[in-house]
file input-v8.cif (mmCIF, C-alpha atoms and all ligand atoms)
data_upload
#
loop_
_atom_site.label_atom_id
_atom_site.label_comp_id
_atom_site.auth_asym_id
_atom_site.auth_seq_id
_atom_site.Cartn_x
_atom_site.Cartn_y
_atom_site.Cartn_z
CA MET F 1 9.54 110.63 86.58
CA LEU F 2 11.88 108.19 84.87
CA GLU F 3 10.53 105.24 86.82
CA GLU F 4 7.03 106.25 85.78
CA ASN F 5 8.04 106.28 82.11
CA GLN F 6 9.52 102.83 82.44
CA GLN F 7 6.23 101.32 83.51
CA PRO F 8 4.34 99.46 80.80
CA MET F 9 2.29 101.83 78.66
CA THR F 10 -1.19 102.18 80.05
CA GLU F 11 -3.99 103.37 77.84
CA ASN F 12 -4.86 106.73 79.27
CA ALA F 13 -7.57 108.82 77.70
CA ILE F 14 -6.50 111.88 79.69
CA GLU F 15 -3.27 112.81 81.44
CA LEU F 16 -2.58 116.03 83.28
CA SER F 17 0.78 116.61 84.89
CA GLY F 18 2.14 119.63 86.70
CA VAL F 19 -0.83 121.68 85.54
CA THR F 20 -1.08 125.18 86.93
CA LYS F 21 -3.67 127.68 85.82
CA ILE F 22 -3.50 131.32 86.78
CA PHE F 23 -6.25 133.60 85.54
CA GLY F 24 -4.74 137.02 84.84
CA GLY F 25 -6.25 140.40 85.45
CA ALA F 26 -5.91 143.10 88.09
CA LYS F 27 -6.04 140.42 90.81
CA PRO F 28 -4.67 137.16 89.36
CA VAL F 29 -6.32 133.98 90.61
CA ARG F 30 -4.31 130.78 90.98
CA ALA F 31 -7.11 128.35 90.14
CA LEU F 32 -5.04 125.16 89.79
CA ASP F 33 -1.67 124.34 91.30
CA ASP F 34 0.41 121.40 90.12
CA VAL F 35 -2.51 119.16 89.23
CA ALA F 36 -1.76 115.60 88.16
CA LEU F 37 -4.41 113.13 87.15
CA THR F 38 -5.01 110.31 84.72
CA VAL F 39 -8.23 108.91 83.35
CA GLY F 40 -8.12 105.47 81.76
CA LYS F 41 -9.86 104.68 78.48
CA GLY F 42 -13.47 103.81 79.11
CA GLN F 43 -13.29 104.92 82.71
CA PHE F 44 -15.97 106.98 84.45
CA VAL F 45 -14.28 109.51 86.71
CA ALA F 46 -16.14 111.98 88.90
CA ILE F 47 -14.50 115.10 90.31
CA VAL F 48 -15.84 116.63 93.51
CA GLY F 49 -14.57 119.47 95.65
CA PRO F 50 -15.55 122.74 97.28
CA SER F 51 -17.03 125.48 95.13
CA GLY F 52 -14.38 127.52 93.30
CA CYS F 53 -11.67 124.86 93.67
CA GLY F 54 -11.09 124.64 89.92
CA LYS F 55 -13.30 121.72 88.82
CA SER F 56 -14.64 123.51 85.75
CA THR F 57 -11.16 124.82 84.98
CA ILE F 58 -9.86 121.24 84.70
CA LEU F 59 -12.69 120.34 82.36
CA ASN F 60 -12.13 123.46 80.26
CA LEU F 61 -8.45 122.61 79.88
CA VAL F 62 -9.29 119.11 78.66
CA ALA F 63 -12.01 120.49 76.37
CA GLY F 64 -9.49 122.95 74.92
CA PHE F 65 -11.47 126.05 75.95
CA GLU F 66 -8.61 127.23 78.20
CA LYS F 67 -4.83 126.84 78.10
CA ALA F 68 -2.76 125.80 81.11
CA THR F 69 -0.33 128.40 82.45
CA SER F 70 2.19 125.57 82.83
CA GLY F 71 2.20 121.78 82.71
CA THR F 72 0.85 119.35 80.15
CA VAL F 73 -2.69 118.33 79.21
CA LEU F 74 -2.81 115.23 77.02
CA VAL F 75 -5.83 113.59 75.41
CA ASP F 76 -5.07 110.22 73.85
CA GLY F 77 -1.40 110.96 74.36
CA ALA F 78 -1.41 114.20 72.36
CA PRO F 79 -1.34 117.77 73.73
CA VAL F 80 -4.68 119.55 73.59
CA GLY F 81 -4.52 122.43 71.13
CA GLY F 82 -8.16 123.50 71.15
CA PRO F 83 -11.69 122.12 71.15
CA GLY F 84 -12.46 119.14 68.92
CA PRO F 85 -15.34 116.84 67.99
CA ASP F 86 -13.60 113.96 69.81
CA ARG F 87 -14.54 115.68 73.09
CA ALA F 88 -18.17 116.52 73.82
CA VAL F 89 -18.95 118.92 76.63
CA VAL F 90 -22.26 118.77 78.47
CA PHE F 91 -23.15 121.74 80.67
CA GLN F 92 -25.81 122.36 83.29
CA GLU F 93 -28.09 123.90 80.68
CA ALA F 94 -28.44 121.97 77.44
CA ALA F 95 -27.62 124.66 74.89
CA LEU F 96 -30.34 123.73 72.40
CA PHE F 97 -31.17 125.88 69.42
CA PRO F 98 -34.60 127.26 70.34
CA TRP F 99 -35.78 127.51 66.73
CA LEU F 100 -34.90 123.90 65.89
CA SER F 101 -37.03 120.84 66.66
CA VAL F 102 -35.92 118.05 68.96
CA TRP F 103 -34.90 116.06 65.89
CA GLU F 104 -32.98 118.92 64.25
CA ASN F 105 -31.17 119.61 67.52
CA THR F 106 -30.30 115.93 67.87
CA VAL F 107 -28.74 115.66 64.42
CA PHE F 108 -27.25 119.15 64.43
CA SER F 109 -23.59 118.15 64.60
CA PRO F 110 -23.36 115.62 61.72
CA LYS F 111 -25.67 117.79 59.62
CA ALA F 112 -23.56 120.90 60.21
CA ARG F 113 -20.50 118.93 59.17
CA GLY F 114 -22.26 118.04 55.92
CA ARG F 115 -22.57 114.32 56.63
CA PRO F 116 -25.21 112.53 54.52
CA GLU F 117 -28.41 111.78 56.43
CA ARG F 118 -28.22 108.01 55.85
CA GLU F 119 -25.03 107.99 57.96
CA TYR F 120 -26.64 109.26 61.13
CA LYS F 121 -30.43 108.91 60.78
CA ASP F 122 -30.89 105.43 62.29
CA LYS F 123 -28.39 106.08 65.04
CA ALA F 124 -30.04 109.38 65.94
CA LYS F 125 -33.46 107.70 66.03
CA GLN F 126 -32.10 105.02 68.34
CA PHE F 127 -30.56 107.53 70.72
CA LEU F 128 -33.70 109.66 70.77
CA SER F 129 -35.68 106.56 71.64
CA ARG F 130 -33.05 105.62 74.24
CA VAL F 131 -33.63 108.92 76.07
CA GLY F 132 -37.39 108.43 75.79
CA LEU F 133 -38.14 111.27 73.39
CA SER F 134 -39.22 109.59 70.14
CA GLU F 135 -42.69 111.06 70.48
CA PHE F 136 -41.28 114.56 70.83
CA HIS F 137 -39.43 114.45 67.50
CA ASP F 138 -41.05 117.66 66.20
CA HIS F 139 -41.34 119.61 69.44
CA LEU F 140 -39.44 122.82 70.00
CA PRO F 141 -37.22 123.22 73.10
CA ALA F 142 -39.66 125.74 74.59
CA GLN F 143 -42.26 122.95 74.71
CA LEU F 144 -40.02 120.71 76.84
CA SER F 145 -39.29 120.46 80.57
CA GLY F 146 -35.76 120.99 81.90
CA GLY F 147 -35.18 117.24 82.18
CA MET F 148 -36.38 116.66 78.62
CA LYS F 149 -34.04 119.36 77.34
CA GLN F 150 -31.12 117.67 79.09
CA ARG F 151 -32.18 114.38 77.49
CA VAL F 152 -32.13 116.00 74.04
CA GLY F 153 -28.68 117.34 74.95
CA LEU F 154 -27.58 113.82 75.86
CA ALA F 155 -29.00 112.34 72.62
CA ARG F 156 -27.26 115.04 70.59
CA THR F 157 -23.98 114.29 72.35
CA LEU F 158 -24.39 110.53 71.77
CA VAL F 159 -24.99 111.12 68.05
CA MET F 160 -21.61 112.88 67.88
CA GLU F 161 -19.99 109.63 69.10
CA PRO F 162 -17.19 111.42 70.92
CA GLN F 163 -14.31 109.55 72.52
CA LEU F 164 -14.68 111.64 75.63
CA PHE F 165 -17.70 112.95 77.50
CA LEU F 166 -16.89 116.00 79.61
CA MET F 167 -19.85 116.74 81.87
CA ASP F 168 -19.91 119.82 84.10
CA GLU F 169 -22.68 119.45 86.70
CA PRO F 170 -25.06 118.36 83.93
CA PHE F 171 -27.95 117.57 86.27
CA GLY F 172 -27.34 120.45 88.68
CA ALA F 173 -30.41 122.43 87.68
CA LEU F 174 -32.89 119.54 87.74
CA ASP F 175 -35.38 118.68 90.48
CA ALA F 176 -34.55 115.69 92.67
CA GLN F 177 -36.69 113.08 90.91
CA THR F 178 -35.68 114.15 87.39
CA ARG F 179 -32.08 114.11 88.52
CA ILE F 180 -32.38 110.50 89.68
CA ASP F 181 -34.05 109.57 86.36
CA MET F 182 -31.16 111.18 84.48
CA GLN F 183 -28.57 109.42 86.65
CA GLU F 184 -30.18 106.06 85.95
CA LEU F 185 -30.39 106.87 82.24
CA LEU F 186 -26.71 107.82 82.16
CA LEU F 187 -25.79 104.65 84.07
CA SER F 188 -27.54 102.41 81.58
CA VAL F 189 -26.25 104.29 78.51
CA TRP F 190 -22.73 104.15 79.93
CA ASP F 191 -23.07 100.41 80.61
CA GLU F 192 -23.79 99.95 76.91
CA LEU F 193 -21.17 102.29 75.48
CA ARG F 194 -18.35 102.36 78.09
CA ARG F 195 -16.94 105.65 76.84
CA THR F 196 -14.54 107.74 78.88
CA VAL F 197 -16.43 110.20 81.06
CA VAL F 198 -15.23 113.04 83.28
CA PHE F 199 -18.18 114.09 85.39
CA ILE F 200 -18.06 117.13 87.63
CA THR F 201 -20.52 117.41 90.46
CA HIS F 202 -20.78 118.78 93.95
CA ASP F 203 -23.23 116.00 94.80
CA VAL F 204 -21.30 113.22 96.53
CA ASP F 205 -24.14 110.69 96.13
CA GLU F 206 -24.17 111.32 92.40
CA ALA F 207 -20.39 110.94 92.16
CA ILE F 208 -20.36 107.58 93.98
CA LEU F 209 -23.42 106.24 92.19
CA LEU F 210 -21.99 106.91 88.72
CA ALA F 211 -18.23 106.69 88.87
CA ASP F 212 -15.46 104.10 88.88
CA VAL F 213 -13.21 106.58 90.64
CA VAL F 214 -13.97 109.77 92.56
CA LEU F 215 -11.28 112.45 92.61
CA VAL F 216 -11.56 114.81 95.56
CA MET F 217 -10.06 118.25 95.00
CA SER F 218 -8.50 120.52 97.59
CA ALA F 219 -9.67 124.07 98.21
CA ARG F 220 -8.23 126.73 95.88
CA PRO F 221 -5.64 126.56 94.49
CA GLY F 222 -7.05 123.25 93.37
CA ARG F 223 -5.09 120.04 93.48
CA ILE F 224 -6.22 116.44 93.47
CA ARG F 225 -6.40 115.62 97.15
CA SER F 226 -7.32 111.97 96.83
CA ARG F 227 -8.45 109.29 94.47
CA VAL F 228 -11.22 107.10 95.85
CA PRO F 229 -11.94 103.91 93.87
CA ILE F 230 -15.64 103.01 93.86
CA ASP F 231 -15.66 99.24 93.84
CA LEU F 232 -19.40 98.82 93.68
CA PRO F 233 -20.78 96.28 91.23
CA ARG F 234 -22.52 97.29 88.01
CA PRO F 235 -25.17 97.57 86.75
CA ARG F 236 -26.04 100.06 89.46
CA SER F 237 -29.29 101.72 90.39
CA ILE F 238 -30.35 104.41 92.83
CA ASP F 239 -31.12 101.70 95.43
CA LEU F 240 -27.39 101.50 95.99
CA ILE F 241 -27.39 104.68 98.08
CA THR F 242 -28.47 102.77 101.17
CA ASP F 243 -25.83 100.04 100.73
CA PRO F 244 -23.37 100.06 103.66
CA VAL F 245 -20.37 100.22 101.30
CA PHE F 246 -21.92 103.25 99.61
CA VAL F 247 -22.58 104.92 102.92
CA ALA F 248 -19.01 104.32 104.12
CA LEU F 249 -17.59 105.80 100.90
CA LYS F 250 -19.87 108.78 101.28
CA ARG F 251 -18.70 109.40 104.84
CA GLU F 252 -15.07 109.23 103.78
CA ILE F 253 -15.50 111.64 100.85
CA PHE F 254 -17.63 114.03 102.92
CA ASN F 255 -14.99 114.19 105.62
CA GLN F 256 -12.36 115.07 103.06
CA ILE F 257 -14.49 117.80 101.50
CA ARG F 258 -15.38 119.19 104.91
CA HIS F 259 -11.70 119.32 105.81
CA GLU F 260 -10.98 121.23 102.59
CA ALA F 261 -13.87 123.63 103.17
CA ASN F 262 -12.43 124.38 106.64
CA ILE F 263 -9.04 125.11 105.10
CA ALA F 264 -10.68 127.46 102.61
CA ARG F 265 -12.50 129.23 105.47
CA LEU F 266 -9.33 129.60 107.54
CA ALA F 267 -7.47 130.97 104.51
CA ALA F 268 -10.23 133.55 104.03
CA ASP F 269 -10.06 134.75 107.69
N1 LIG F 301 -12.25 133.06 83.12
C1 LIG F 301 -11.87 133.30 84.39
N2 LIG F 301 -11.28 134.47 84.74
C2 LIG F 301 -10.89 134.70 86.01
N3 LIG F 301 -11.06 133.83 87.03
C3 LIG F 301 -11.66 132.67 86.75
C4 LIG F 301 -12.11 132.33 85.42
N4 LIG F 301 -12.66 131.09 85.45
C5 LIG F 301 -12.57 130.66 86.73
N5 LIG F 301 -11.96 131.60 87.51
C6 LIG F 301 -11.66 131.49 88.94
O1 LIG F 301 -10.92 130.29 89.12
C7 LIG F 301 -11.35 129.62 90.29
C8 LIG F 301 -11.83 128.21 89.94
O2 LIG F 301 -13.02 128.33 89.17
P1 LIG F 301 -13.85 127.06 88.67
O3 LIG F 301 -12.95 126.16 87.95
O4 LIG F 301 -15.03 127.60 87.91
O5 LIG F 301 -14.32 126.40 90.04
P2 LIG F 301 -15.42 125.25 90.33
O6 LIG F 301 -15.93 124.76 89.02
O7 LIG F 301 -14.71 124.23 91.13
O8 LIG F 301 -16.50 125.90 91.17
C9 LIG F 301 -12.41 130.49 90.93
O9 LIG F 301 -11.81 131.31 91.90
C10 LIG F 301 -12.91 131.31 89.77
O10 LIG F 301 -13.38 132.55 90.22
MG MG F 302 -17.78 124.78 88.11
#

call {"tool": "encode", "arguments": {"input": "input-v8.cif", "output": "structure tokens"}}
result
Amino acid sequence: MLEENQQPMTENAIELSGVTKIFGGAKPVRALDDVALTVGKGQFVAIVGPSGCGKSTILNLVAGFEKATSGTVLVDGAPVGGPGPDRAVVFQEAALFPWLSVWENTVFSPKARGRPEREYKDKAKQFLSRVGLSEFHDHLPAQLSGGMKQRVGLARTLVMEPQLFLMDEPFGALDAQTRIDMQELLLSVWDELRRTVVFITHDVDEAILLADVVLVMSARPGRIRSRVPIDLPRPRSIDLITDPVFVALKREIFNQIRHEANIARLAAD
């Protein structure tokens, strides 16, 4: 530990060390066990692992929705006390207000905080245009497809200008083509903004395509099993998935996940 502290200060957006999470109840579940991970400022980190291994739990700890049973969770060097506007969470379903228009949903956060419209109007317009929805300004969520709703969700999150994007399988409910469109949109937005992203997915292709680093988790109780750097050049596009380097990374990560899934199965026998 001491040696670690003596290293030059690195700018970490997120640091977890010795994090254990036990969900109480009649049958307590040890969801995370001694998890350590760091995410650098401006880094795009994807987390993959077998279902139930604690991926969402990690995200919820960083978001401040849950508290660790033991260990430390730091964001920008400070312990997480609860949710905050510096951390935006994007879920599988964009939680849009059904009675508000695309525009009103997009500007919801600054408006709710009483910010004057001139502060966010141009920015919100730009982001809405960026996600291809300018023409749907006055539509209600019920008039939009699933992919369009997720794009409104993304625009709304961008308007908040958070330091950290915490994304929990955000494209998991979309059809294959829409999912690819969203991945390419996120890639190009991220290339412009370079914000810190933690992106949870069970789709290995998606993880490699988007991330700088893929963290592979072990079966429950979850730990970080390995850290796989994705040294593929940017800007990236979906064409990358046939690149031999991509395919080799995919094979490596798949083997690790398969190994973990076998462990989980043996433990259940
Ligand atoms: N609020 C909760 N109460 C009790 N158990 C929970 C709760 N949230 C998650 N768990 C359990 O913790 C484990 C990890 O869950 P989760 O983080 O959602 O996994 P993942 O996102 O990797 O599929 C699972 O066994 C799950 O059932
Ligand atoms: Mg989950």

call {"tool": "residues_near_ligand", "arguments": {"input": "input-v8.cif", "ligand": "ligand LIG 301 (chain F)", "cutoff": "6 Å", "atoms": "all atoms listed in the file", "output": "list in words"}}
result
Phe23, Val29, Ala31, Ser51, Gly52, Cys53, Gly54, Lys55, Ser56 and Thr57 of chain F

call {"tool": "write_last_selection", "arguments": {"input": "input-v8.cif", "atoms": "C-alpha atoms", "output": "mmCIF file, in the frame of the given file"}}
result
data_model
loop_
_atom_site.group_PDB
_atom_site.id
_atom_site.type_symbol
_atom_site.label_atom_id
_atom_site.label_comp_id
_atom_site.auth_asym_id
_atom_site.auth_seq_id
_atom_site.Cartn_x
_atom_site.Cartn_y
_atom_site.Cartn_z
ATOM 1 C CA PHE F 23 -6.250 133.600 85.540
ATOM 2 C CA VAL F 29 -6.320 133.980 90.610
ATOM 3 C CA ALA F 31 -7.110 128.350 90.140
ATOM 4 C CA SER F 51 -17.030 125.480 95.130
ATOM 5 C CA GLY F 52 -14.380 127.520 93.300
ATOM 6 C CA CYS F 53 -11.670 124.860 93.670
ATOM 7 C CA GLY F 54 -11.090 124.640 89.920
ATOM 8 C CA LYS F 55 -13.300 121.720 88.820
ATOM 9 C CA SER F 56 -14.640 123.510 85.750
ATOM 10 C CA THR F 57 -11.160 124.820 84.980
#

call {"tool": "atom_distance", "arguments": {"input": "input-v8.cif", "atom1": "atom CA of F:Leu59", "atom2": "atom CA of F:Arg251"}}
result
25.7 Å

call {"tool": "residues_around", "arguments": {"input": "input-v8.cif", "residues": "stretch 38-41 of chain F", "least_positions_apart": "2", "cutoff": "12 Å", "atoms": "all atoms listed in the file", "output": "number ranges by chain"}}
result
F: 9-18, 35-36, 43-47, 58, 62, 72-77, 163-166, 193-199, 211-215, 224, 227

call {"tool": "residues_around", "arguments": {"input": "input-v8.cif", "residues": "stretch 108-114 of chain F", "least_positions_apart": "3", "cutoff": "8 Å", "atoms": "all atoms listed in the file", "output": "JSON, numbers by chain"}}
result
{"F": [104, 105, 117, 120, 156, 159, 160]}

call {"tool": "atom_distance", "arguments": {"input": "input-v8.cif", "atom1": "atom CA of F:Arg30", "atom2": "atom CA of F:Gln92"}}
result
24.3 Å

call {"tool": "closest_residue", "arguments": {"input": "input-v8.cif", "among": "F:Arg234, F:His259, F:Arg151, F:His202", "to": "ligand MG 302 (chain F)", "atoms": "only C-alpha atoms and all ligand atoms"}}
result
F:His202

call {"tool": "atom_distance", "arguments": {"input": "input-v8.cif", "atom1": "atom CA of F:Asp34", "atom2": "atom CA of F:Gly82"}}
result
20.9 Å

call {"tool": "residues_around", "arguments": {"input": "input-v8.cif", "residues": "F:Ser218", "least_positions_apart": "3", "cutoff": "8 Å", "atoms": "only C-alpha atoms", "output": "PDB file with C-alpha atoms, in the coordinates of the input"}}
result
ATOM      1  CA  GLY F  49     -14.570 119.470  95.650  1.00  0.00           C
ATOM      2  CA  PRO F  50     -15.550 122.740  97.280  1.00  0.00           C
ATOM      3  CA  CYS F  53     -11.670 124.860  93.670  1.00  0.00           C
ATOM      4  CA  PRO F 221      -5.640 126.560  94.490  1.00  0.00           C
ATOM      5  CA  GLY F 222      -7.050 123.250  93.370  1.00  0.00           C
ATOM      6  CA  ARG F 223      -5.090 120.040  93.480  1.00  0.00           C
ATOM      7  CA  ILE F 224      -6.220 116.440  93.470  1.00  0.00           C
ATOM      8  CA  ARG F 225      -6.400 115.620  97.150  1.00  0.00           C
ATOM      9  CA  ILE F 257     -14.490 117.800 101.500  1.00  0.00           C
ATOM     10  CA  GLU F 260     -10.980 121.230 102.590  1.00  0.00           C
TER      11      GLU F 260
END

call {"tool": "closest_residue", "arguments": {"input": "input-v8.cif", "among": "F:Gln177, F:Gln126, F:Ser226, F:Thr201", "to": "ligand MG 302 (chain F)", "atoms": "only C-alpha atoms and all ligand atoms"}}
result
F:Thr201

call {"tool": "closest_residue", "arguments": {"input": "input-v8.cif", "among": "F:Ala261, F:Ile200, F:Leu209, F:Val131", "to": "ligand MG 302 (chain F)", "atoms": "all atoms listed in the file"}}
result
F:Ile200

call {"tool": "closest_residue", "arguments": {"input": "input-v8.cif", "among": "F:Pro229, F:Gly172, F:Pro244, F:Gly64", "to": "ligand MG 302 (chain F)", "atoms": "all atoms listed in the file"}}
result
F:Gly172

call {"tool": "decode", "arguments": {"input": "input-v8.cif", "residues": "stretch 177-192 of chain F", "atoms": "N, CA and C atoms", "output": "PDB file, in the first residue's frame"}}
result
ATOM      1  N   GLN F 177     -29.474  -3.272 -35.420  1.00  0.00           N
ATOM      2  CA  GLN F 177     -29.040  -2.137 -36.242  1.00  0.00           C
ATOM      3  C   GLN F 177     -29.055  -0.834 -35.446  1.00  0.00           C
ATOM      4  N   THR F 178     -30.111  -0.635 -34.659  1.00  0.00           N
ATOM      5  CA  THR F 178     -30.205   0.578 -33.841  1.00  0.00           C
ATOM      6  C   THR F 178     -29.058   0.620 -32.840  1.00  0.00           C
ATOM      7  N   ARG F 179     -28.719  -0.553 -32.332  1.00  0.00           N
ATOM      8  CA  ARG F 179     -27.639  -0.651 -31.365  1.00  0.00           C
ATOM      9  C   ARG F 179     -26.318  -0.194 -31.987  1.00  0.00           C
ATOM     10  N   ILE F 180     -26.064  -0.648 -33.209  1.00  0.00           N
ATOM     11  CA  ILE F 180     -24.842  -0.233 -33.910  1.00  0.00           C
ATOM     12  C   ILE F 180     -24.852   1.278 -34.149  1.00  0.00           C
ATOM     13  N   ASP F 181     -26.014   1.812 -34.547  1.00  0.00           N
ATOM     14  CA  ASP F 181     -26.124   3.267 -34.751  1.00  0.00           C
ATOM     15  C   ASP F 181     -25.778   4.010 -33.461  1.00  0.00           C
ATOM     16  N   MET F 182     -26.298   3.510 -32.345  1.00  0.00           N
ATOM     17  CA  MET F 182     -26.054   4.162 -31.058  1.00  0.00           C
ATOM     18  C   MET F 182     -24.586   4.060 -30.651  1.00  0.00           C
ATOM     19  N   GLN F 183     -23.984   2.902 -30.939  1.00  0.00           N
ATOM     20  CA  GLN F 183     -22.556   2.734 -30.612  1.00  0.00           C
ATOM     21  C   GLN F 183     -21.717   3.730 -31.395  1.00  0.00           C
ATOM     22  N   GLU F 184     -22.048   3.891 -32.690  1.00  0.00           N
ATOM     23  CA  GLU F 184     -21.278   4.822 -33.508  1.00  0.00           C
ATOM     24  C   GLU F 184     -21.518   6.268 -33.066  1.00  0.00           C
ATOM     25  N   LEU F 185     -22.748   6.560 -32.663  1.00  0.00           N
ATOM     26  CA  LEU F 185     -23.056   7.897 -32.147  1.00  0.00           C
ATOM     27  C   LEU F 185     -22.248   8.163 -30.870  1.00  0.00           C
ATOM     28  N   LEU F 186     -22.248   7.191 -29.975  1.00  0.00           N
ATOM     29  CA  LEU F 186     -21.509   7.368 -28.717  1.00  0.00           C
ATOM     30  C   LEU F 186     -20.012   7.518 -28.980  1.00  0.00           C
ATOM     31  N   LEU F 187     -19.492   6.732 -29.934  1.00  0.00           N
ATOM     32  CA  LEU F 187     -18.069   6.849 -30.279  1.00  0.00           C
ATOM     33  C   LEU F 187     -17.735   8.263 -30.736  1.00  0.00           C
ATOM     34  N   SER F 188     -18.580   8.814 -31.604  1.00  0.00           N
ATOM     35  CA  SER F 188     -18.211  10.129 -32.144  1.00  0.00           C
ATOM     36  C   SER F 188     -18.428  11.228 -31.105  1.00  0.00           C
ATOM     37  N   VAL F 189     -19.470  11.103 -30.278  1.00  0.00           N
ATOM     38  CA  VAL F 189     -19.671  12.090 -29.210  1.00  0.00           C
ATOM     39  C   VAL F 189     -18.494  12.017 -28.222  1.00  0.00           C
ATOM     40  N   TRP F 190     -18.099  10.797 -27.910  1.00  0.00           N
ATOM     41  CA  TRP F 190     -16.995  10.638 -26.938  1.00  0.00           C
ATOM     42  C   TRP F 190     -15.687  11.195 -27.511  1.00  0.00           C
ATOM     43  N   ASP F 191     -15.470  10.995 -28.816  1.00  0.00           N
ATOM     44  CA  ASP F 191     -14.257  11.546 -29.438  1.00  0.00           C
ATOM     45  C   ASP F 191     -14.200  13.056 -29.283  1.00  0.00           C
ATOM     46  N   GLU F 192     -15.370  13.703 -29.333  1.00  0.00           N
ATOM     47  CA  GLU F 192     -15.415  15.160 -29.170  1.00  0.00           C
ATOM     48  C   GLU F 192     -15.209  15.584 -27.729  1.00  0.00           C
TER      49      GLU F 192
END
